$ cat work25.cif   # mmCIF, N, CA and C atoms
data_run
loop_
_atom_site.label_atom_id
_atom_site.label_comp_id
_atom_site.auth_asym_id
_atom_site.auth_seq_id
_atom_site.Cartn_x
_atom_site.Cartn_y
_atom_site.Cartn_z
N MET A 3 51.47 -57.20 -52.08
CA MET A 3 51.96 -55.85 -52.20
C MET A 3 51.61 -55.26 -53.56
N THR A 4 51.61 -56.03 -54.62
CA THR A 4 51.28 -55.54 -55.94
C THR A 4 49.84 -55.08 -56.01
N ASP A 5 48.93 -55.83 -55.39
CA ASP A 5 47.52 -55.42 -55.35
C ASP A 5 47.36 -54.12 -54.58
N ASN A 6 48.09 -53.99 -53.49
CA ASN A 6 48.01 -52.80 -52.67
C ASN A 6 48.50 -51.58 -53.45
N PHE A 7 49.63 -51.74 -54.17
CA PHE A 7 50.18 -50.64 -54.99
C PHE A 7 49.22 -50.29 -56.12
N SER A 8 48.68 -51.28 -56.78
CA SER A 8 47.73 -51.06 -57.86
C SER A 8 46.50 -50.32 -57.36
N GLN A 9 46.02 -50.71 -56.21
CA GLN A 9 44.86 -50.04 -55.62
C GLN A 9 45.20 -48.60 -55.25
N LEU A 10 46.40 -48.38 -54.73
CA LEU A 10 46.85 -47.03 -54.37
C LEU A 10 46.92 -46.14 -55.61
N VAL A 11 47.49 -46.66 -56.71
CA VAL A 11 47.58 -45.90 -57.96
C VAL A 11 46.20 -45.60 -58.51
N THR A 12 45.33 -46.59 -58.54
CA THR A 12 43.97 -46.40 -59.04
C THR A 12 43.24 -45.36 -58.21
N ASN A 13 43.38 -45.43 -56.92
CA ASN A 13 42.73 -44.47 -56.02
C ASN A 13 43.26 -43.05 -56.27
N TYR A 14 44.60 -42.94 -56.48
CA TYR A 14 45.19 -41.63 -56.72
C TYR A 14 44.61 -40.99 -57.99
N PHE A 15 44.57 -41.75 -59.09
CA PHE A 15 44.06 -41.19 -60.34
C PHE A 15 42.56 -40.95 -60.29
N LYS A 16 41.87 -41.72 -59.49
CA LYS A 16 40.43 -41.57 -59.39
C LYS A 16 40.05 -40.35 -58.55
N ASN A 17 40.79 -40.06 -57.48
CA ASN A 17 40.37 -39.04 -56.52
C ASN A 17 41.27 -37.81 -56.43
N ASP A 18 42.57 -37.98 -56.57
CA ASP A 18 43.50 -36.88 -56.27
C ASP A 18 44.13 -36.22 -57.48
N TYR A 19 44.31 -36.93 -58.58
CA TYR A 19 45.03 -36.40 -59.75
C TYR A 19 44.21 -35.33 -60.46
N ARG A 20 44.85 -34.22 -60.77
CA ARG A 20 44.20 -33.12 -61.48
C ARG A 20 44.88 -32.92 -62.82
N GLU A 21 44.14 -33.08 -63.91
CA GLU A 21 44.68 -32.91 -65.26
C GLU A 21 44.86 -31.43 -65.55
N ARG A 22 46.08 -31.03 -65.88
CA ARG A 22 46.36 -29.63 -66.20
C ARG A 22 46.29 -29.36 -67.69
N GLY A 23 46.11 -30.39 -68.49
CA GLY A 23 46.13 -30.22 -69.94
C GLY A 23 45.15 -29.18 -70.43
N LYS A 24 43.92 -29.25 -69.97
CA LYS A 24 42.91 -28.30 -70.42
C LYS A 24 43.22 -26.89 -69.90
N ILE A 25 43.65 -26.81 -68.66
CA ILE A 25 44.01 -25.50 -68.09
C ILE A 25 45.18 -24.91 -68.87
N LYS A 26 46.16 -25.74 -69.16
CA LYS A 26 47.33 -25.30 -69.92
C LYS A 26 46.91 -24.84 -71.32
N TRP A 27 46.03 -25.60 -71.97
CA TRP A 27 45.54 -25.24 -73.30
C TRP A 27 44.81 -23.90 -73.25
N HIS A 28 44.01 -23.68 -72.23
CA HIS A 28 43.31 -22.39 -72.09
C HIS A 28 44.31 -21.25 -71.94
N GLY A 29 45.42 -21.51 -71.26
CA GLY A 29 46.45 -20.48 -71.14
C GLY A 29 47.05 -20.12 -72.48
N TYR A 30 47.30 -21.12 -73.32
CA TYR A 30 47.81 -20.86 -74.67
C TYR A 30 46.77 -20.10 -75.48
N PHE A 31 45.53 -20.53 -75.39
CA PHE A 31 44.46 -19.86 -76.13
C PHE A 31 44.34 -18.41 -75.69
N LEU A 32 44.40 -18.17 -74.39
CA LEU A 32 44.28 -16.82 -73.87
C LEU A 32 45.39 -15.92 -74.41
N SER A 33 46.63 -16.41 -74.45
CA SER A 33 47.73 -15.57 -74.95
C SER A 33 47.55 -15.27 -76.43
N ASP A 34 47.13 -16.25 -77.22
CA ASP A 34 46.87 -16.02 -78.65
C ASP A 34 45.73 -15.04 -78.84
N HIS A 35 44.70 -15.19 -78.05
CA HIS A 35 43.53 -14.31 -78.15
C HIS A 35 43.91 -12.88 -77.76
N THR A 36 44.71 -12.73 -76.71
CA THR A 36 45.15 -11.41 -76.28
C THR A 36 45.99 -10.74 -77.37
N ALA A 37 46.88 -11.50 -77.98
CA ALA A 37 47.69 -10.95 -79.07
C ALA A 37 46.82 -10.51 -80.23
N SER A 38 45.82 -11.30 -80.55
CA SER A 38 44.90 -10.95 -81.63
C SER A 38 44.13 -9.68 -81.31
N LEU A 39 43.68 -9.55 -80.06
CA LEU A 39 42.95 -8.34 -79.66
C LEU A 39 43.84 -7.10 -79.73
N LYS A 40 45.10 -7.23 -79.34
CA LYS A 40 46.03 -6.10 -79.42
C LYS A 40 46.23 -5.68 -80.87
N GLN A 41 46.34 -6.67 -81.76
CA GLN A 41 46.53 -6.36 -83.17
C GLN A 41 45.28 -5.67 -83.73
N GLU A 42 44.10 -6.13 -83.35
CA GLU A 42 42.86 -5.48 -83.79
C GLU A 42 42.78 -4.05 -83.28
N LYS A 43 43.17 -3.84 -82.03
CA LYS A 43 43.14 -2.50 -81.45
C LYS A 43 44.07 -1.57 -82.23
N THR A 44 45.26 -2.07 -82.56
CA THR A 44 46.20 -1.29 -83.35
C THR A 44 45.60 -0.96 -84.71
N ALA A 45 44.92 -1.92 -85.30
CA ALA A 45 44.29 -1.70 -86.61
C ALA A 45 43.21 -0.63 -86.51
N ARG A 46 42.40 -0.69 -85.48
CA ARG A 46 41.33 0.31 -85.32
C ARG A 46 41.89 1.70 -85.08
N GLN A 47 43.01 1.79 -84.38
CA GLN A 47 43.61 3.09 -84.09
C GLN A 47 44.20 3.72 -85.34
N HIS A 48 44.48 2.93 -86.35
CA HIS A 48 45.16 3.45 -87.53
C HIS A 48 44.24 3.61 -88.73
N ILE A 49 42.94 3.77 -88.48
CA ILE A 49 42.07 4.17 -89.58
C ILE A 49 42.35 5.65 -89.74
N SER A 50 43.12 5.95 -90.74
CA SER A 50 43.77 7.25 -90.75
C SER A 50 43.31 8.15 -91.88
N GLN A 51 43.82 9.35 -91.79
CA GLN A 51 43.67 10.31 -92.87
C GLN A 51 44.54 9.88 -94.04
N LYS A 52 44.33 10.50 -95.14
CA LYS A 52 45.09 10.17 -96.34
C LYS A 52 46.55 10.55 -96.15
N LEU A 53 47.43 9.58 -96.29
CA LEU A 53 48.86 9.83 -96.16
C LEU A 53 49.44 10.24 -97.50
N GLU A 54 50.59 10.88 -97.44
CA GLU A 54 51.29 11.27 -98.66
C GLU A 54 51.75 10.01 -99.40
N ARG A 55 51.57 10.00 -100.72
CA ARG A 55 51.94 8.85 -101.52
C ARG A 55 53.46 8.66 -101.50
N MET A 56 53.87 7.42 -101.28
CA MET A 56 55.30 7.10 -101.24
C MET A 56 55.73 6.53 -102.59
N ALA A 57 57.01 6.70 -102.89
CA ALA A 57 57.58 6.11 -104.10
C ALA A 57 57.64 4.59 -103.92
N LEU A 58 57.54 3.86 -105.02
CA LEU A 58 57.55 2.41 -104.97
C LEU A 58 58.83 1.88 -104.33
N SER A 59 59.95 2.50 -104.62
CA SER A 59 61.22 2.05 -104.04
C SER A 59 61.21 2.22 -102.52
N ALA A 60 60.62 3.30 -102.02
CA ALA A 60 60.53 3.54 -100.57
C ALA A 60 59.59 2.53 -99.92
N ILE A 61 58.50 2.20 -100.61
CA ILE A 61 57.54 1.21 -100.09
C ILE A 61 58.23 -0.14 -99.94
N LYS A 62 58.91 -0.58 -101.00
CA LYS A 62 59.59 -1.87 -100.97
C LYS A 62 60.68 -1.91 -99.91
N SER A 63 61.43 -0.83 -99.80
CA SER A 63 62.51 -0.76 -98.82
C SER A 63 61.97 -0.88 -97.40
N ARG A 64 60.90 -0.17 -97.11
CA ARG A 64 60.32 -0.21 -95.77
C ARG A 64 59.73 -1.59 -95.46
N LEU A 65 59.10 -2.20 -96.44
CA LEU A 65 58.54 -3.54 -96.24
C LEU A 65 59.64 -4.58 -96.01
N GLN A 66 60.75 -4.46 -96.75
CA GLN A 66 61.86 -5.39 -96.56
C GLN A 66 62.49 -5.21 -95.18
N TYR A 67 62.61 -3.96 -94.75
CA TYR A 67 63.15 -3.69 -93.41
C TYR A 67 62.25 -4.33 -92.35
N ALA A 68 60.95 -4.14 -92.48
CA ALA A 68 60.00 -4.70 -91.52
C ALA A 68 60.06 -6.22 -91.52
N ASN A 69 60.23 -6.81 -92.69
CA ASN A 69 60.31 -8.26 -92.79
C ASN A 69 61.56 -8.78 -92.07
N LEU A 70 62.69 -8.13 -92.28
CA LEU A 70 63.94 -8.57 -91.66
C LEU A 70 63.95 -8.39 -90.15
N HIS A 71 63.27 -7.36 -89.66
CA HIS A 71 63.30 -7.04 -88.22
C HIS A 71 62.01 -7.43 -87.49
N TYR A 72 61.13 -8.18 -88.14
CA TYR A 72 59.87 -8.64 -87.54
C TYR A 72 59.08 -7.49 -86.90
N GLU A 73 58.94 -6.43 -87.67
CA GLU A 73 58.19 -5.27 -87.17
C GLU A 73 56.80 -5.24 -87.79
N LEU A 74 55.87 -4.75 -87.03
CA LEU A 74 54.50 -4.60 -87.48
C LEU A 74 54.44 -3.45 -88.49
N VAL A 75 53.78 -3.68 -89.63
CA VAL A 75 53.64 -2.63 -90.64
C VAL A 75 52.19 -2.16 -90.69
N ILE A 76 52.03 -0.93 -91.09
CA ILE A 76 50.72 -0.34 -91.32
C ILE A 76 50.70 0.09 -92.78
N ILE A 77 49.85 -0.56 -93.55
CA ILE A 77 49.79 -0.29 -94.98
C ILE A 77 48.48 0.42 -95.30
N GLN A 78 48.62 1.55 -95.98
CA GLN A 78 47.43 2.26 -96.46
C GLN A 78 47.32 2.02 -97.96
N GLU A 79 46.20 1.41 -98.33
CA GLU A 79 45.97 1.18 -99.74
C GLU A 79 45.42 2.45 -100.37
N ASP A 80 45.53 2.52 -101.68
CA ASP A 80 45.10 3.72 -102.40
C ASP A 80 43.64 3.61 -102.81
N TYR A 81 42.79 3.29 -101.86
CA TYR A 81 41.36 3.18 -102.09
C TYR A 81 40.64 4.11 -101.13
N ALA A 82 39.51 4.61 -101.56
CA ALA A 82 38.68 5.43 -100.70
C ALA A 82 37.21 5.09 -100.96
N THR A 83 36.38 5.35 -99.97
CA THR A 83 34.95 5.13 -100.14
C THR A 83 34.38 6.24 -101.01
N SER A 84 33.12 6.13 -101.34
CA SER A 84 32.50 7.15 -102.19
C SER A 84 32.47 8.52 -101.54
N ASP A 85 32.49 8.57 -100.21
CA ASP A 85 32.53 9.87 -99.52
C ASP A 85 33.96 10.29 -99.16
N LYS A 86 34.94 9.77 -99.90
CA LYS A 86 36.35 10.17 -99.82
C LYS A 86 37.05 9.80 -98.51
N LYS A 87 36.52 8.84 -97.76
CA LYS A 87 37.20 8.36 -96.55
C LYS A 87 38.05 7.16 -96.93
N MET A 88 39.24 7.10 -96.34
CA MET A 88 40.16 6.00 -96.63
C MET A 88 39.67 4.72 -95.98
N PHE A 89 39.93 3.59 -96.64
CA PHE A 89 39.62 2.29 -96.06
C PHE A 89 40.52 2.08 -94.85
N PRO A 90 40.14 1.19 -93.95
CA PRO A 90 41.02 0.91 -92.80
C PRO A 90 42.38 0.42 -93.26
N ASP A 91 43.40 0.82 -92.52
CA ASP A 91 44.76 0.39 -92.81
C ASP A 91 44.89 -1.11 -92.57
N ILE A 92 45.82 -1.73 -93.25
CA ILE A 92 46.14 -3.13 -93.04
C ILE A 92 47.33 -3.18 -92.10
N VAL A 93 47.15 -3.88 -90.99
CA VAL A 93 48.19 -3.94 -89.96
C VAL A 93 48.60 -5.39 -89.76
N GLY A 94 49.89 -5.65 -89.75
CA GLY A 94 50.36 -7.01 -89.51
C GLY A 94 51.84 -7.16 -89.80
N LEU A 95 52.29 -8.40 -89.72
CA LEU A 95 53.68 -8.72 -90.01
C LEU A 95 53.81 -9.13 -91.47
N VAL A 96 54.91 -8.76 -92.08
CA VAL A 96 55.18 -9.15 -93.46
C VAL A 96 55.52 -10.64 -93.47
N ALA A 97 54.72 -11.41 -94.22
CA ALA A 97 54.92 -12.86 -94.28
C ALA A 97 55.74 -13.26 -95.49
N GLY A 98 55.81 -12.40 -96.51
CA GLY A 98 56.59 -12.74 -97.70
C GLY A 98 56.29 -11.79 -98.84
N PHE A 99 56.96 -12.05 -99.95
CA PHE A 99 56.82 -11.21 -101.13
C PHE A 99 56.51 -12.06 -102.35
N SER A 100 55.86 -11.45 -103.32
CA SER A 100 55.70 -12.07 -104.63
C SER A 100 56.29 -11.08 -105.64
N ASP A 101 56.22 -11.41 -106.92
CA ASP A 101 56.74 -10.50 -107.94
C ASP A 101 55.96 -9.18 -107.96
N ARG A 102 54.67 -9.26 -107.64
CA ARG A 102 53.82 -8.08 -107.79
C ARG A 102 53.33 -7.48 -106.49
N GLY A 103 53.66 -8.09 -105.35
CA GLY A 103 53.13 -7.56 -104.10
C GLY A 103 53.78 -8.15 -102.86
N VAL A 104 53.10 -7.94 -101.77
CA VAL A 104 53.57 -8.37 -100.46
C VAL A 104 52.44 -9.12 -99.76
N VAL A 105 52.81 -10.07 -98.91
CA VAL A 105 51.83 -10.81 -98.12
C VAL A 105 51.95 -10.34 -96.68
N VAL A 106 50.85 -9.81 -96.16
CA VAL A 106 50.80 -9.36 -94.77
C VAL A 106 49.68 -10.13 -94.09
N ASP A 107 50.05 -10.95 -93.12
CA ASP A 107 49.09 -11.78 -92.39
C ASP A 107 48.10 -12.48 -93.31
N LYS A 108 48.63 -13.25 -94.25
CA LYS A 108 47.87 -14.08 -95.19
C LYS A 108 47.07 -13.28 -96.22
N GLN A 109 47.29 -11.98 -96.31
CA GLN A 109 46.59 -11.15 -97.29
C GLN A 109 47.60 -10.63 -98.30
N HIS A 110 47.36 -10.90 -99.58
CA HIS A 110 48.27 -10.44 -100.63
C HIS A 110 47.85 -9.05 -101.09
N ILE A 111 48.78 -8.12 -101.07
CA ILE A 111 48.52 -6.74 -101.46
C ILE A 111 49.46 -6.38 -102.60
N LEU A 112 48.90 -5.92 -103.70
CA LEU A 112 49.71 -5.54 -104.85
C LEU A 112 50.44 -4.23 -104.56
N PHE A 113 51.69 -4.15 -105.02
CA PHE A 113 52.46 -2.92 -104.82
C PHE A 113 51.75 -1.72 -105.43
N GLU A 114 51.11 -1.92 -106.57
CA GLU A 114 50.44 -0.81 -107.25
C GLU A 114 49.25 -0.25 -106.46
N ASN A 115 48.74 -1.01 -105.49
CA ASN A 115 47.61 -0.55 -104.68
C ASN A 115 48.02 0.07 -103.35
N ILE A 116 49.32 0.08 -103.08
CA ILE A 116 49.80 0.63 -101.80
C ILE A 116 50.11 2.11 -101.95
N ARG A 117 49.52 2.90 -101.08
CA ARG A 117 49.76 4.33 -101.07
C ARG A 117 50.94 4.69 -100.16
N ALA A 118 50.96 4.09 -98.97
CA ALA A 118 52.01 4.39 -97.99
C ALA A 118 52.19 3.22 -97.04
N VAL A 119 53.39 3.12 -96.49
CA VAL A 119 53.72 2.09 -95.51
C VAL A 119 54.39 2.77 -94.33
N ARG A 120 53.91 2.43 -93.15
CA ARG A 120 54.55 2.92 -91.93
C ARG A 120 54.88 1.74 -91.04
N LEU A 121 55.87 1.88 -90.20
CA LEU A 121 56.14 0.90 -89.17
C LEU A 121 55.34 1.30 -87.94
N SER A 122 54.93 0.31 -87.16
CA SER A 122 54.05 0.62 -86.02
C SER A 122 54.73 1.54 -85.00
N ARG A 123 56.05 1.54 -84.98
CA ARG A 123 56.75 2.40 -84.02
C ARG A 123 56.90 3.84 -84.53
N ASP A 124 56.58 4.09 -85.81
CA ASP A 124 56.68 5.44 -86.36
C ASP A 124 55.61 6.34 -85.77
N ASN A 125 55.93 7.56 -85.56
CA ASN A 125 54.95 8.52 -85.03
C ASN A 125 54.22 9.28 -86.12
N ASN A 126 54.76 9.31 -87.33
CA ASN A 126 54.12 10.10 -88.39
C ASN A 126 53.27 9.26 -89.27
#
$ encode --input "work25.cif" --output "structure tokens"
Amino acid sequence: MTDNFSQLVTNYFKNDYRERGKIKWHGYFLSDHTASLKQEKTARQHISQKLERMALSAIKSRLQYANLHYELVIIQEDYATSDKKMFPDIVGLVAGFSDRGVVVDKQHILFENIRAVRLSRDNN
């Protein structure tokens, strides 16, 4: 009976068993990839006109709010190209703060270089 059971198990794994690990991994990859594409789309949509400069206290307050509530922020730096067009906005979640700036999706941005901060749900 042991040989028969062993043969049955071997036959099952050889012919009938389907490994879901790779399929499951692809599902995880797909969800991460989709989230990344949505974030990129949001970033492309927010290449914006020059926003009104915000006070440093308002910038810090909005960034702290976004950090506490896990909200996506849109940061416009105070840089422009030679033809006066603004650089693309930085879009992401606030990952932390330093003495001189904020970290948004692994990118450190100095407070002195931030022109304006919006939350992704803001219309203005």
$ atom_distance --input "work25.cif" --atom1 "CA of Ala37 in chain A" --atom2 "atom N of Gln51 in chain A"
24.3 Å
$ residues_around --input "work25.cif" --residues "range 77-89 of chain A" --least-positions-apart "4" --cutoff "6.5 Å" --atoms "only N, CA and C atoms" --output "PyMOL selection string"
chain A and resi 49-52+93-94+115-120
$ atom_distance --input "work25.cif" --atom1 "atom C of Glu114 in chain A" --atom2 "atom N of Ile92 in chain A"
13.7 Å
$ residues_around --input "work25.cif" --residues "Leu74 in chain A" --least-positions-apart "6" --cutoff "5 Å" --atoms "all atoms listed in the file" --output "VMD selection string"
chain A and resid 94 to 95 121 to 122
$ atom_distance --input "work25.cif" --atom1 "atom N of Ser100 in chain A" --atom2 "atom C of Ile76 in chain A"
16.5 Å
$ resolve_selection --input "work25.cif" --expression "the PyMOL selection byres ((chain A and resi 107) around 8)" --output "JSON, numbers by chain"
{"A": [93, 94, 95, 96, 97, 98, 104, 105, 106, 108, 109, 110]}
$ write_last_selection --input "work25.cif" --atoms "N, CA and C atoms" --output "PDB file, keeping the file's coordinate frame"
ATOM      1  N   VAL A  93      47.150  -3.880 -90.990  1.00  0.00           N
ATOM      2  CA  VAL A  93      48.190  -3.940 -89.960  1.00  0.00           C
ATOM      3  C   VAL A  93      48.600  -5.390 -89.760  1.00  0.00           C
ATOM      4  N   GLY A  94      49.890  -5.650 -89.750  1.00  0.00           N
ATOM      5  CA  GLY A  94      50.360  -7.010 -89.510  1.00  0.00           C
ATOM      6  C   GLY A  94      51.840  -7.160 -89.800  1.00  0.00           C
ATOM      7  N   LEU A  95      52.290  -8.400 -89.720  1.00  0.00           N
ATOM      8  CA  LEU A  95      53.680  -8.720 -90.010  1.00  0.00           C
ATOM      9  C   LEU A  95      53.810  -9.130 -91.470  1.00  0.00           C
ATOM     10  N   VAL A  96      54.910  -8.760 -92.080  1.00  0.00           N
ATOM     11  CA  VAL A  96      55.180  -9.150 -93.460  1.00  0.00           C
ATOM     12  C   VAL A  96      55.520 -10.640 -93.470  1.00  0.00           C
ATOM     13  N   ALA A  97      54.720 -11.410 -94.220  1.00  0.00           N
ATOM     14  CA  ALA A  97      54.920 -12.860 -94.280  1.00  0.00           C
ATOM     15  C   ALA A  97      55.740 -13.260 -95.490  1.00  0.00           C
ATOM     16  N   GLY A  98      55.810 -12.400 -96.510  1.00  0.00           N
ATOM     17  CA  GLY A  98      56.590 -12.740 -97.700  1.00  0.00           C
ATOM     18  C   GLY A  98      56.290 -11.790 -98.840  1.00  0.00           C
ATOM     19  N   VAL A 104      53.100  -7.940-101.770  1.00  0.00           N
ATOM     20  CA  VAL A 104      53.570  -8.370-100.460  1.00  0.00           C
ATOM     21  C   VAL A 104      52.440  -9.120 -99.760  1.00  0.00           C
ATOM     22  N   VAL A 105      52.810 -10.070 -98.910  1.00  0.00           N
ATOM     23  CA  VAL A 105      51.830 -10.810 -98.120  1.00  0.00           C
ATOM     24  C   VAL A 105      51.950 -10.340 -96.680  1.00  0.00           C
ATOM     25  N   VAL A 106      50.850  -9.810 -96.160  1.00  0.00           N
ATOM     26  CA  VAL A 106      50.800  -9.360 -94.770  1.00  0.00           C
ATOM     27  C   VAL A 106      49.680 -10.130 -94.090  1.00  0.00           C
ATOM     28  N   LYS A 108      48.630 -13.250 -94.250  1.00  0.00           N
ATOM     29  CA  LYS A 108      47.870 -14.080 -95.190  1.00  0.00           C
ATOM     30  C   LYS A 108      47.070 -13.280 -96.220  1.00  0.00           C
ATOM     31  N   GLN A 109      47.290 -11.980 -96.310  1.00  0.00           N
ATOM     32  CA  GLN A 109      46.590 -11.150 -97.290  1.00  0.00           C
ATOM     33  C   GLN A 109      47.600 -10.630 -98.300  1.00  0.00           C
ATOM     34  N   HIS A 110      47.360 -10.900 -99.580  1.00  0.00           N
ATOM     35  CA  HIS A 110      48.270 -10.440-100.630  1.00  0.00           C
ATOM     36  C   HIS A 110      47.850  -9.050-101.090  1.00  0.00           C
TER      37      HIS A 110
END
$ select_by_dssp --input "work25.cif" --residues "range 61-106 of chain A" --states "strand (DSSP E or B)" --output "VMD selection string"
chain A and resid 74 to 79 82 88 92 to 99 103 to 106
$ select_by_dssp --input "work25.cif" --residues "range 29-124 of chain A" --states "helix (DSSP H, G or I)" --output "ChimeraX atom specification"
/A:29-47,58-71,113-115
$ build_atoms --input "work25.cif" --residues "range 58-76 of chain A" --atoms "N, CA, C and O atoms" --output "PDB file, in the frame of the given file"
ATOM      1  N   LEU A  58      57.540   3.860-105.020  1.00  0.00           N
ATOM      2  CA  LEU A  58      57.550   2.410-104.970  1.00  0.00           C
ATOM      3  C   LEU A  58      58.830   1.880-104.330  1.00  0.00           C
ATOM      4  O   LEU A  58      58.799   0.935-103.542  1.00  0.00           O
ATOM      5  N   SER A  59      59.950   2.500-104.620  1.00  0.00           N
ATOM      6  CA  SER A  59      61.220   2.050-104.040  1.00  0.00           C
ATOM      7  C   SER A  59      61.210   2.220-102.520  1.00  0.00           C
ATOM      8  O   SER A  59      61.714   1.361-101.784  1.00  0.00           O
ATOM      9  N   ALA A  60      60.620   3.300-102.020  1.00  0.00           N
ATOM     10  CA  ALA A  60      60.530   3.540-100.570  1.00  0.00           C
ATOM     11  C   ALA A  60      59.590   2.530 -99.920  1.00  0.00           C
ATOM     12  O   ALA A  60      59.851   2.035 -98.812  1.00  0.00           O
ATOM     13  N   ILE A  61      58.500   2.200-100.610  1.00  0.00           N
ATOM     14  CA  ILE A  61      57.540   1.210-100.090  1.00  0.00           C
ATOM     15  C   ILE A  61      58.230  -0.140 -99.940  1.00  0.00           C
ATOM     16  O   ILE A  61      58.167  -0.786 -98.894  1.00  0.00           O
ATOM     17  N   LYS A  62      58.910  -0.580-101.000  1.00  0.00           N
ATOM     18  CA  LYS A  62      59.590  -1.870-100.970  1.00  0.00           C
ATOM     19  C   LYS A  62      60.680  -1.910 -99.910  1.00  0.00           C
ATOM     20  O   LYS A  62      60.835  -2.896 -99.195  1.00  0.00           O
ATOM     21  N   SER A  63      61.430  -0.830 -99.800  1.00  0.00           N
ATOM     22  CA  SER A  63      62.510  -0.760 -98.820  1.00  0.00           C
ATOM     23  C   SER A  63      61.970  -0.880 -97.400  1.00  0.00           C
ATOM     24  O   SER A  63      62.504  -1.636 -96.578  1.00  0.00           O
ATOM     25  N   ARG A  64      60.900  -0.170 -97.110  1.00  0.00           N
ATOM     26  CA  ARG A  64      60.320  -0.210 -95.770  1.00  0.00           C
ATOM     27  C   ARG A  64      59.730  -1.590 -95.460  1.00  0.00           C
ATOM     28  O   ARG A  64      59.863  -2.093 -94.349  1.00  0.00           O
ATOM     29  N   LEU A  65      59.100  -2.200 -96.440  1.00  0.00           N
ATOM     30  CA  LEU A  65      58.540  -3.540 -96.240  1.00  0.00           C
ATOM     31  C   LEU A  65      59.640  -4.580 -96.010  1.00  0.00           C
ATOM     32  O   LEU A  65      59.500  -5.468 -95.164  1.00  0.00           O
ATOM     33  N   GLN A  66      60.750  -4.460 -96.750  1.00  0.00           N
ATOM     34  CA  GLN A  66      61.860  -5.390 -96.560  1.00  0.00           C
ATOM     35  C   GLN A  66      62.490  -5.210 -95.180  1.00  0.00           C
ATOM     36  O   GLN A  66      62.837  -6.179 -94.514  1.00  0.00           O
ATOM     37  N   TYR A  67      62.610  -3.960 -94.750  1.00  0.00           N
ATOM     38  CA  TYR A  67      63.150  -3.690 -93.410  1.00  0.00           C
ATOM     39  C   TYR A  67      62.250  -4.330 -92.350  1.00  0.00           C
ATOM     40  O   TYR A  67      62.735  -4.986 -91.419  1.00  0.00           O
ATOM     41  N   ALA A  68      60.950  -4.140 -92.480  1.00  0.00           N
ATOM     42  CA  ALA A  68      60.000  -4.700 -91.520  1.00  0.00           C
ATOM     43  C   ALA A  68      60.060  -6.220 -91.520  1.00  0.00           C
ATOM     44  O   ALA A  68      59.956  -6.855 -90.463  1.00  0.00           O
ATOM     45  N   ASN A  69      60.230  -6.810 -92.690  1.00  0.00           N
ATOM     46  CA  ASN A  69      60.310  -8.260 -92.790  1.00  0.00           C
ATOM     47  C   ASN A  69      61.560  -8.780 -92.070  1.00  0.00           C
ATOM     48  O   ASN A  69      61.505  -9.770 -91.336  1.00  0.00           O
ATOM     49  N   LEU A  70      62.690  -8.130 -92.280  1.00  0.00           N
ATOM     50  CA  LEU A  70      63.940  -8.570 -91.660  1.00  0.00           C
ATOM     51  C   LEU A  70      63.950  -8.390 -90.150  1.00  0.00           C
ATOM     52  O   LEU A  70      64.569  -9.170 -89.428  1.00  0.00           O
ATOM     53  N   HIS A  71      63.270  -7.360 -89.660  1.00  0.00           N
ATOM     54  CA  HIS A  71      63.300  -7.040 -88.220  1.00  0.00           C
ATOM     55  C   HIS A  71      62.010  -7.430 -87.490  1.00  0.00           C
ATOM     56  O   HIS A  71      61.820  -7.041 -86.339  1.00  0.00           O
ATOM     57  N   TYR A  72      61.130  -8.180 -88.140  1.00  0.00           N
ATOM     58  CA  TYR A  72      59.870  -8.640 -87.540  1.00  0.00           C
ATOM     59  C   TYR A  72      59.080  -7.490 -86.900  1.00  0.00           C
ATOM     60  O   TYR A  72      58.654  -7.566 -85.768  1.00  0.00           O
ATOM     61  N   GLU A  73      58.940  -6.430 -87.670  1.00  0.00           N
ATOM     62  CA  GLU A  73      58.190  -5.270 -87.170  1.00  0.00           C
ATOM     63  C   GLU A  73      56.800  -5.240 -87.790  1.00  0.00           C
ATOM     64  O   GLU A  73      56.606  -5.634 -88.940  1.00  0.00           O
ATOM     65  N   LEU A  74      55.870  -4.750 -87.030  1.00  0.00           N
ATOM     66  CA  LEU A  74      54.500  -4.600 -87.480  1.00  0.00           C
ATOM     67  C   LEU A  74      54.440  -3.450 -88.490  1.00  0.00           C
ATOM     68  O   LEU A  74      55.016  -2.383 -88.248  1.00  0.00           O
ATOM     69  N   VAL A  75      53.780  -3.680 -89.630  1.00  0.00           N
ATOM     70  CA  VAL A  75      53.640  -2.630 -90.640  1.00  0.00           C
ATOM     71  C   VAL A  75      52.190  -2.160 -90.690  1.00  0.00           C
ATOM     72  O   VAL A  75      51.263  -2.902 -90.377  1.00  0.00           O
ATOM     73  N   ILE A  76      52.030  -0.930 -91.090  1.00  0.00           N
ATOM     74  CA  ILE A  76      50.720  -0.340 -91.320  1.00  0.00           C
ATOM     75  C   ILE A  76      50.700   0.090 -92.780  1.00  0.00           C
ATOM     76  O   ILE A  76      51.458   0.977 -93.169  1.00  0.00           O
TER      77      ILE A  76
END
